[in-house]
>>> print(open('my_file_0.txt').read())   # compact mmCIF, C-alpha atoms
# COMPACT_ATOMS: atom_id res chain seq x y z
CA SER A 1 0.00 0.00 0.00
CA ILE A 2 1.02 3.60 -0.48
CA LYS A 3 2.63 5.32 2.52
CA ARG A 4 1.27 8.74 3.38
CA LYS A 5 3.11 11.47 5.28
CA LYS A 6 1.31 14.06 7.36
CA PRO A 7 1.71 17.52 5.83
CA SER A 8 3.08 20.39 7.88
CA ILE A 9 0.81 22.83 9.73
CA THR A 10 1.51 25.42 7.02
CA MET A 11 0.42 23.02 4.30
CA MET A 12 -2.68 22.22 6.29
CA LYS A 13 -3.62 25.89 6.54
CA LEU A 14 -2.95 26.49 2.85
CA ALA A 15 -5.02 23.49 1.82
CA THR A 16 -7.90 24.47 4.10
CA THR A 17 -7.85 28.09 2.88
CA ALA A 18 -7.79 26.94 -0.75
CA SER A 19 -10.77 24.70 -0.16
CA PHE A 20 -12.84 27.58 1.23
CA LEU A 21 -11.81 29.97 -1.55
CA GLY A 22 -12.72 27.37 -4.16
CA ALA A 23 -16.06 26.77 -2.52
CA ALA A 24 -16.90 30.47 -2.34
CA SER A 25 -17.06 30.80 -6.12
CA ALA A 26 -19.66 28.05 -6.26
CA PHE A 27 -22.43 30.26 -4.89
CA ILE A 28 -22.51 33.08 -7.43
CA SER A 29 -25.94 34.44 -8.25
CA ALA A 30 -27.14 37.65 -9.81
CA PRO A 31 -28.37 40.72 -7.92
CA ALA A 32 -32.12 41.26 -8.24
CA GLY A 33 -33.29 43.32 -11.18
CA LYS A 34 -29.79 43.77 -12.61
CA PHE A 35 -30.07 41.59 -15.70
CA SER A 36 -32.49 40.52 -18.36
CA THR A 37 -34.34 37.27 -17.95
CA SER A 38 -32.26 35.17 -20.34
CA SER A 39 -33.49 31.63 -19.92
CA THR A 40 -32.43 28.05 -20.21
CA ALA A 41 -33.89 25.53 -22.63
CA LEU A 42 -36.44 24.84 -19.89
CA ASN A 43 -37.70 28.46 -19.99
CA LEU A 44 -36.49 29.21 -16.48
CA SER A 45 -34.42 32.30 -15.75
CA GLU A 46 -30.82 31.27 -15.21
CA PHE A 47 -30.37 34.29 -12.94
CA ASP A 48 -33.09 33.07 -10.58
CA LEU A 49 -31.85 29.50 -10.31
CA GLY A 50 -29.68 28.72 -7.29
CA VAL A 51 -31.00 31.71 -5.35
CA THR A 52 -32.32 29.83 -2.34
CA LYS A 53 -32.41 30.19 1.44
CA PRO A 54 -30.50 30.71 3.66
CA LEU A 55 -27.86 32.44 1.47
CA GLY A 56 -30.18 33.82 -1.20
CA ARG A 57 -28.29 35.91 -3.72
CA PHE A 58 -24.69 35.29 -2.78
CA ASP A 59 -21.79 36.86 -4.69
CA PRO A 60 -19.02 37.55 -2.13
CA LEU A 61 -16.41 38.35 -4.79
CA GLY A 62 -18.67 40.78 -6.67
CA LEU A 63 -18.08 39.00 -9.98
CA ILE A 64 -21.59 39.62 -11.25
CA GLU A 65 -21.21 43.37 -10.77
CA LYS A 66 -17.75 43.43 -12.32
CA GLU A 67 -18.22 41.00 -15.22
CA PRO A 68 -21.93 40.36 -15.89
CA GLU A 69 -21.19 39.19 -19.44
CA LYS A 70 -19.35 36.16 -18.05
CA PHE A 71 -22.22 34.93 -15.86
CA GLU A 72 -23.58 32.41 -18.39
CA ARG A 73 -20.28 30.58 -18.75
CA ARG A 74 -19.57 30.66 -15.02
CA ARG A 75 -22.99 29.21 -14.27
CA ALA A 76 -22.33 26.45 -16.82
CA VAL A 77 -18.97 25.73 -15.18
CA GLU A 78 -20.60 25.68 -11.74
CA ARG A 79 -23.27 23.24 -12.92
CA LYS A 80 -20.77 20.91 -14.58
CA HIS A 81 -18.34 20.96 -11.66
CA GLY A 82 -21.24 20.26 -9.33
CA ARG A 83 -22.28 17.23 -11.36
CA ILE A 84 -18.72 15.92 -11.41
CA ALA A 85 -18.35 16.53 -7.67
CA MET A 86 -21.58 14.64 -6.91
CA ALA A 87 -20.28 11.66 -8.87
CA ALA A 88 -16.91 11.98 -7.09
CA VAL A 89 -18.51 11.98 -3.63
CA VAL A 90 -20.59 8.89 -4.40
CA GLY A 91 -17.57 7.15 -5.95
CA SER A 92 -15.39 8.02 -2.96
CA ILE A 93 -17.93 6.62 -0.50
CA VAL A 94 -18.43 3.46 -2.54
CA HIS A 95 -14.71 2.78 -3.01
CA ASN A 96 -13.86 3.59 0.61
CA ASN A 97 -16.35 0.93 1.64
CA HIS A 98 -14.46 -1.53 -0.58
CA ILE A 99 -17.31 -1.98 -3.04
CA VAL A 100 -15.44 -2.76 -6.26
CA PHE A 101 -15.82 -4.71 -9.47
CA ASP A 102 -14.86 -8.35 -9.51
CA GLY A 103 -11.99 -9.48 -11.68
CA TYR A 104 -8.94 -7.75 -13.06
CA LEU A 105 -8.35 -4.12 -13.85
CA SER A 106 -5.27 -5.17 -15.81
CA PRO A 107 -5.04 -8.91 -16.59
CA ASN A 108 -1.60 -8.49 -18.18
CA GLN A 109 -0.20 -6.98 -14.97
CA ALA A 110 -2.35 -9.15 -12.68
CA ILE A 111 -3.88 -6.06 -11.04
CA LYS A 112 -7.36 -6.61 -9.64
CA PHE A 113 -9.87 -3.84 -9.00
CA SER A 114 -9.62 -4.73 -5.32
CA ASP A 115 -5.86 -4.04 -5.43
CA ILE A 116 -6.39 -0.30 -5.99
CA PRO A 117 -5.98 1.54 -2.65
CA THR A 118 -8.80 3.69 -1.34
CA GLY A 119 -8.32 7.43 -1.12
CA CYS A 120 -7.11 9.98 -3.64
CA PHE A 121 -3.72 8.31 -4.06
CA GLY A 122 -5.36 5.19 -5.47
CA LEU A 123 -5.38 6.90 -8.86
CA PHE A 124 -1.61 6.49 -9.12
CA SER A 125 -1.98 2.70 -8.88
CA VAL A 126 -3.96 2.57 -12.13
CA PRO A 127 -1.74 1.56 -15.09
CA PRO A 128 -1.02 4.26 -17.70
CA GLU A 129 -3.20 2.43 -20.23
CA GLY A 130 -6.14 2.65 -17.81
CA LEU A 131 -5.58 6.36 -17.23
CA ALA A 132 -5.45 6.87 -21.01
CA GLN A 133 -8.84 5.16 -21.37
CA ILE A 134 -10.31 7.37 -18.65
CA LEU A 135 -9.01 10.52 -20.39
CA ALA A 136 -10.34 9.30 -23.75
CA PHE A 137 -13.78 8.74 -22.23
CA ILE A 138 -13.73 12.23 -20.68
CA ALA A 139 -12.79 13.68 -24.08
CA LEU A 140 -15.74 11.85 -25.67
CA LEU A 141 -18.08 13.35 -23.08
CA GLU A 142 -16.69 16.87 -23.45
CA ILE A 143 -16.56 16.96 -27.23
CA ALA A 144 -19.40 14.77 -28.50
CA TRP A 145 -21.85 13.33 -25.99
CA LEU A 146 -22.18 16.04 -23.31
CA PRO A 147 -20.34 19.02 -24.85
CA ALA A 148 -19.13 21.72 -22.47
CA SER A 149 -20.16 24.33 -25.05
CA LYS A 150 -23.83 23.65 -24.28
CA TYR A 151 -24.15 26.15 -21.46
CA ASP A 152 -27.71 25.37 -20.37
CA GLY A 153 -26.64 21.86 -19.33
CA ASN A 154 -29.80 20.30 -20.79
CA TYR A 155 -28.74 17.20 -22.74
CA GLY A 156 -32.25 15.83 -23.22
CA VAL A 157 -31.89 12.88 -20.86
CA GLY A 158 -34.53 14.09 -18.42
CA PHE A 159 -34.74 13.28 -14.72
CA PHE A 160 -33.85 9.58 -14.59
CA GLY A 161 -35.30 9.36 -18.11
CA ARG A 162 -38.48 11.25 -17.22
CA GLU A 163 -39.27 14.57 -18.87
CA ILE A 164 -40.39 17.15 -16.32
CA LYS A 165 -43.11 19.38 -17.77
CA ASP A 166 -44.37 21.14 -14.66
CA PRO A 167 -42.48 24.49 -14.35
CA GLU A 168 -42.49 24.48 -10.55
CA GLU A 169 -41.13 20.94 -10.39
CA ARG A 170 -38.44 21.84 -12.95
CA GLU A 171 -37.35 24.81 -10.90
CA THR A 172 -37.24 22.71 -7.73
CA LYS A 173 -35.16 19.99 -9.42
CA LEU A 174 -32.74 22.48 -11.00
CA ASN A 175 -32.29 24.31 -7.70
CA ALA A 176 -31.70 20.99 -5.96
CA GLU A 177 -29.09 20.06 -8.57
CA LEU A 178 -27.20 23.33 -8.14
CA ASN A 179 -27.30 23.24 -4.35
CA ASN A 180 -26.39 19.55 -4.13
CA GLY A 181 -23.56 20.20 -6.56
CA ARG A 182 -22.28 23.08 -4.45
CA LEU A 183 -22.35 20.93 -1.33
CA ALA A 184 -20.63 18.10 -3.22
CA MET A 185 -17.82 20.43 -4.33
CA ILE A 186 -17.23 21.38 -0.70
CA GLY A 187 -17.59 17.74 0.35
CA ILE A 188 -15.08 16.22 -2.08
CA THR A 189 -12.62 19.07 -1.42
CA GLY A 190 -12.96 18.50 2.31
CA ASN A 191 -12.45 14.78 1.81
CA ILE A 192 -9.21 15.31 -0.11
CA VAL A 193 -7.94 17.97 2.33
CA GLY A 194 -8.81 15.72 5.28
CA GLU A 195 -6.84 12.87 3.76
CA LEU A 196 -3.82 15.06 3.06
CA VAL A 197 -3.90 16.59 6.54
CA THR A 198 -4.40 13.40 8.55
CA GLY A 199 -2.64 10.92 6.29
CA GLN A 200 -5.73 8.70 6.58
CA THR A 201 -8.30 7.82 3.95
CA MET A 202 -12.00 8.27 4.63
CA PHE A 203 -12.29 4.57 5.50
CA GLU A 204 -9.33 4.74 7.88
CA GLN A 205 -10.70 7.85 9.57
CA TYR A 206 -14.17 6.56 10.35
CA SER A 207 -12.86 3.08 11.16
CA ALA A 208 -10.69 4.69 13.86
CA GLY A 209 -13.46 7.03 14.97
CA HIS A 210 -11.24 9.92 13.93
CA PHE A 211 -13.38 12.77 12.65
CA SER A 212 -11.25 15.80 13.50
CA PRO A 213 -8.42 16.78 11.12
CA PHE A 214 -6.60 18.48 14.02
CA GLY A 215 -6.26 15.38 16.24
CA ASP A 216 -3.74 12.58 16.19
CA GLY A 217 -6.00 9.87 14.85
CA GLU A 218 -6.56 8.35 18.28
CA GLY A 219 -10.26 8.73 19.02
CA PHE A 220 -12.95 11.24 18.05
CA PHE A 221 -10.83 14.37 18.53
>>> encode(input="my_file_0.txt", output="structure tokens")
Amino acid sequence: SIKRKKPSITMMKLATTASFLGAASAFISAPAGKFSTSSTALNLSEFDLGVTKPLGRFDPLGLIEKEPEKFERRRAVERKHGRIAMAAVVGSIVHNNHIVFDGYLSPNQAIKFSDIPTGCFGLFSVPPEGLAQILAFIALLEIAWLPASKYDGNYGVGFFGREIKDPEERETKLNAELNNGRLAMIGITGNIVGELVTGQTMFEQYSAGHFSPFGDGEGFF
């Protein structure tokens, strides 16, 4: 297995600060009455989506005021990163509970799926050919199947295959997607930072009852 060293206190502070700064940009919404009601393919104002309690309209960096013309792309980036983060959180939980495919990841090198370590460092145990396949699949998604250039994020697949026609239900689902994506971005960042700070994977942390990144791994705190 891969040995992990505990980062210094300075590294811990830098990583924690970076995680909060990255998360802050995930909550950008437009000030009321400032912009026209440009809409998504679902005829819902993009400027009204994601404006929910308790934060409401939240733009701590003032990016909407400074660069309103860039809002559409930034919202598209937020939505896509949120979707990726939600998949990452689920994948991290599944893998950390040792739920893996049967058989071999690489028959030629006799590497089983179960041989890949949990945690973010497990990626480096995947053979280069496997990483190349992952990158090729991502390229297919970005260029052809789910192109990043489609800013409204509506790829016609519906909600688990079901088309939502009721406007209120659509708005609720889209708000839920944005907010869950925002939380997932914070969650996966926190998971990675926690692993780097403690030197323990998620599985190792909750197996030891260690939930505080500032403790020594012996007990709850």
>>> atom_distance(input="my_file_0.txt", atom1="atom CA of Ala184 of chain A", atom2="atom CA of Val89 of chain A")
6.5 Å
>>> atom_distance(input="my_file_0.txt", atom1="atom CA of Ile99 of chain A", atom2="atom CA of Ile134 of chain A")
19.5 Å
>>> closest_residue(input="my_file_0.txt", among="A:His81, A:Arg182, A:Lys53, A:Arg170", to="Ala148 of chain A", atoms="only C-alpha atoms")
A:His81
>>> atom_distance(input="my_file_0.txt", atom1="atom CA of Leu55 of chain A", atom2="atom CA of Val77 of chain A")
20.0 Å
>>> residues_around(input="my_file_0.txt", residues="Thr201 of chain A", least_positions_apart="4", cutoff="9 Å", atoms="only C-alpha atoms", output="ChimeraX atom specification")
/A:96,118-120,191-192,194-196,205-206
>>> residues_near_point(input="my_file_0.txt", point="(-20.2, 24.0, -23.5)", cutoff="12 Å", atoms="all atoms listed in the file", output="ChimeraX atom specification")
/A:72-80,141-155
>>> closest_residue(input="my_file_0.txt", among="A:Asn180, A:Gln133, A:Glu204, A:Pro127", to="Tyr104 of chain A", atoms="only C-alpha atoms")
A:Pro127
>>> closest_residue(input="my_file_0.txt", among="A:Val126, A:Leu135, A:His98, A:Ala176", to="Ser114 of chain A", atoms="all atoms listed in the file")
A:His98
>>> residues_around(input="my_file_0.txt", residues="Ile116 of chain A", least_positions_apart="6", cutoff="10 Å", atoms="only C-alpha atoms", output="ChimeraX atom specification")
/A:1,95,98,100,105,122-126
>>> build_atoms(input="my_file_0.txt", residues="segment 103-114 of chain A", atoms="all heavy atoms", output="CSV table (one decimal), in the coordinates of the input")
chain,number,residue,atom,x,y,z
A,103,GLY,N,-12.9,-9.3,-10.6
A,103,GLY,CA,-12.0,-9.5,-11.7
A,103,GLY,C,-10.8,-8.5,-11.7
A,103,GLY,O,-10.5,-7.9,-10.7
A,104,TYR,N,-10.2,-8.5,-12.9
A,104,TYR,CA,-8.9,-7.8,-13.1
A,104,TYR,C,-9.1,-6.4,-13.7
A,104,TYR,O,-9.8,-6.3,-14.8
A,104,TYR,CB,-8.0,-8.6,-13.9
A,104,TYR,CG,-7.4,-9.8,-13.1
A,104,TYR,CD1,-8.1,-11.0,-13.1
A,104,TYR,CD2,-6.2,-9.7,-12.4
A,104,TYR,CE1,-7.6,-12.1,-12.4
A,104,TYR,CE2,-5.7,-10.8,-11.7
A,104,TYR,CZ,-6.4,-12.0,-11.7
A,104,TYR,OH,-6.0,-13.0,-10.9
A,105,LEU,N,-8.4,-5.4,-13.2
A,105,LEU,CA,-8.4,-4.1,-13.8
A,105,LEU,C,-7.4,-4.2,-15.0
A,105,LEU,O,-7.6,-3.6,-16.1
A,105,LEU,CB,-7.9,-3.1,-12.8
A,105,LEU,CG,-7.5,-1.7,-13.4
A,105,LEU,CD1,-8.8,-1.0,-13.9
A,105,LEU,CD2,-6.9,-0.8,-12.3
A,106,SER,N,-6.3,-4.9,-14.8
A,106,SER,CA,-5.3,-5.2,-15.8
A,106,SER,C,-4.8,-6.6,-15.8
A,106,SER,O,-3.9,-7.0,-15.0
A,106,SER,CB,-4.1,-4.2,-15.6
A,106,SER,OG,-3.0,-4.5,-16.5
A,107,PRO,N,-5.4,-7.5,-16.6
A,107,PRO,CA,-5.0,-8.9,-16.6
A,107,PRO,C,-3.6,-9.1,-16.9
A,107,PRO,O,-2.9,-10.0,-16.3
A,107,PRO,CB,-5.9,-9.5,-17.7
A,107,PRO,CG,-7.1,-8.6,-17.8
A,107,PRO,CD,-6.5,-7.2,-17.5
A,108,ASN,N,-3.0,-8.3,-17.8
A,108,ASN,CA,-1.6,-8.5,-18.2
A,108,ASN,C,-0.6,-8.2,-17.0
A,108,ASN,O,0.4,-8.9,-16.9
A,108,ASN,CB,-1.2,-7.5,-19.3
A,108,ASN,CG,-1.9,-7.9,-20.6
A,108,ASN,OD1,-2.3,-9.1,-20.8
A,108,ASN,ND2,-2.1,-7.0,-21.5
A,109,GLN,N,-1.0,-7.3,-16.1
A,109,GLN,CA,-0.2,-7.0,-15.0
A,109,GLN,C,-0.7,-7.6,-13.7
A,109,GLN,O,-0.2,-7.3,-12.6
A,109,GLN,CB,-0.1,-5.5,-14.8
A,109,GLN,CG,0.5,-4.7,-16.0
A,109,GLN,CD,0.6,-3.3,-15.8
A,109,GLN,OE1,1.0,-2.8,-14.7
A,109,GLN,NE2,0.3,-2.5,-16.8
A,110,ALA,N,-1.7,-8.4,-13.8
A,110,ALA,CA,-2.4,-9.2,-12.7
A,110,ALA,C,-2.8,-8.2,-11.6
A,110,ALA,O,-2.6,-8.4,-10.4
A,110,ALA,CB,-1.4,-10.2,-12.1
A,111,ILE,N,-3.4,-7.0,-12.0
A,111,ILE,CA,-3.9,-6.1,-11.0
A,111,ILE,C,-5.4,-6.2,-11.0
A,111,ILE,O,-6.1,-6.0,-12.0
A,111,ILE,CB,-3.5,-4.6,-11.4
A,111,ILE,CG1,-2.0,-4.5,-11.5
A,111,ILE,CG2,-4.1,-3.6,-10.5
A,111,ILE,CD1,-1.5,-3.1,-12.0
A,112,LYS,N,-5.9,-6.5,-9.8
A,112,LYS,CA,-7.4,-6.6,-9.6
A,112,LYS,C,-7.9,-5.2,-9.2
A,112,LYS,O,-7.2,-4.4,-8.8
A,112,LYS,CB,-7.7,-7.6,-8.5
A,112,LYS,CG,-7.3,-9.1,-8.9
A,112,LYS,CD,-7.7,-10.0,-7.8
A,112,LYS,CE,-7.4,-11.4,-8.1
A,112,LYS,NZ,-7.8,-12.4,-7.0
A,113,PHE,N,-9.2,-5.1,-9.4
A,113,PHE,CA,-9.9,-3.8,-9.0
A,113,PHE,C,-9.7,-3.7,-7.5
A,113,PHE,O,-9.5,-2.6,-7.0
A,113,PHE,CB,-11.4,-3.9,-9.4
A,113,PHE,CG,-11.6,-3.6,-10.8
A,113,PHE,CD1,-11.9,-4.7,-11.7
A,113,PHE,CD2,-11.6,-2.4,-11.4
A,113,PHE,CE1,-12.2,-4.5,-13.0
A,113,PHE,CE2,-11.8,-2.1,-12.7
A,113,PHE,CZ,-12.1,-3.2,-13.6
A,114,SER,N,-9.7,-4.8,-6.8
A,114,SER,CA,-9.6,-4.7,-5.3
A,114,SER,C,-8.2,-4.4,-4.9
A,114,SER,O,-8.0,-4.1,-3.7
A,114,SER,CB,-10.0,-6.1,-4.7
A,114,SER,OG,-9.2,-7.1,-5.2
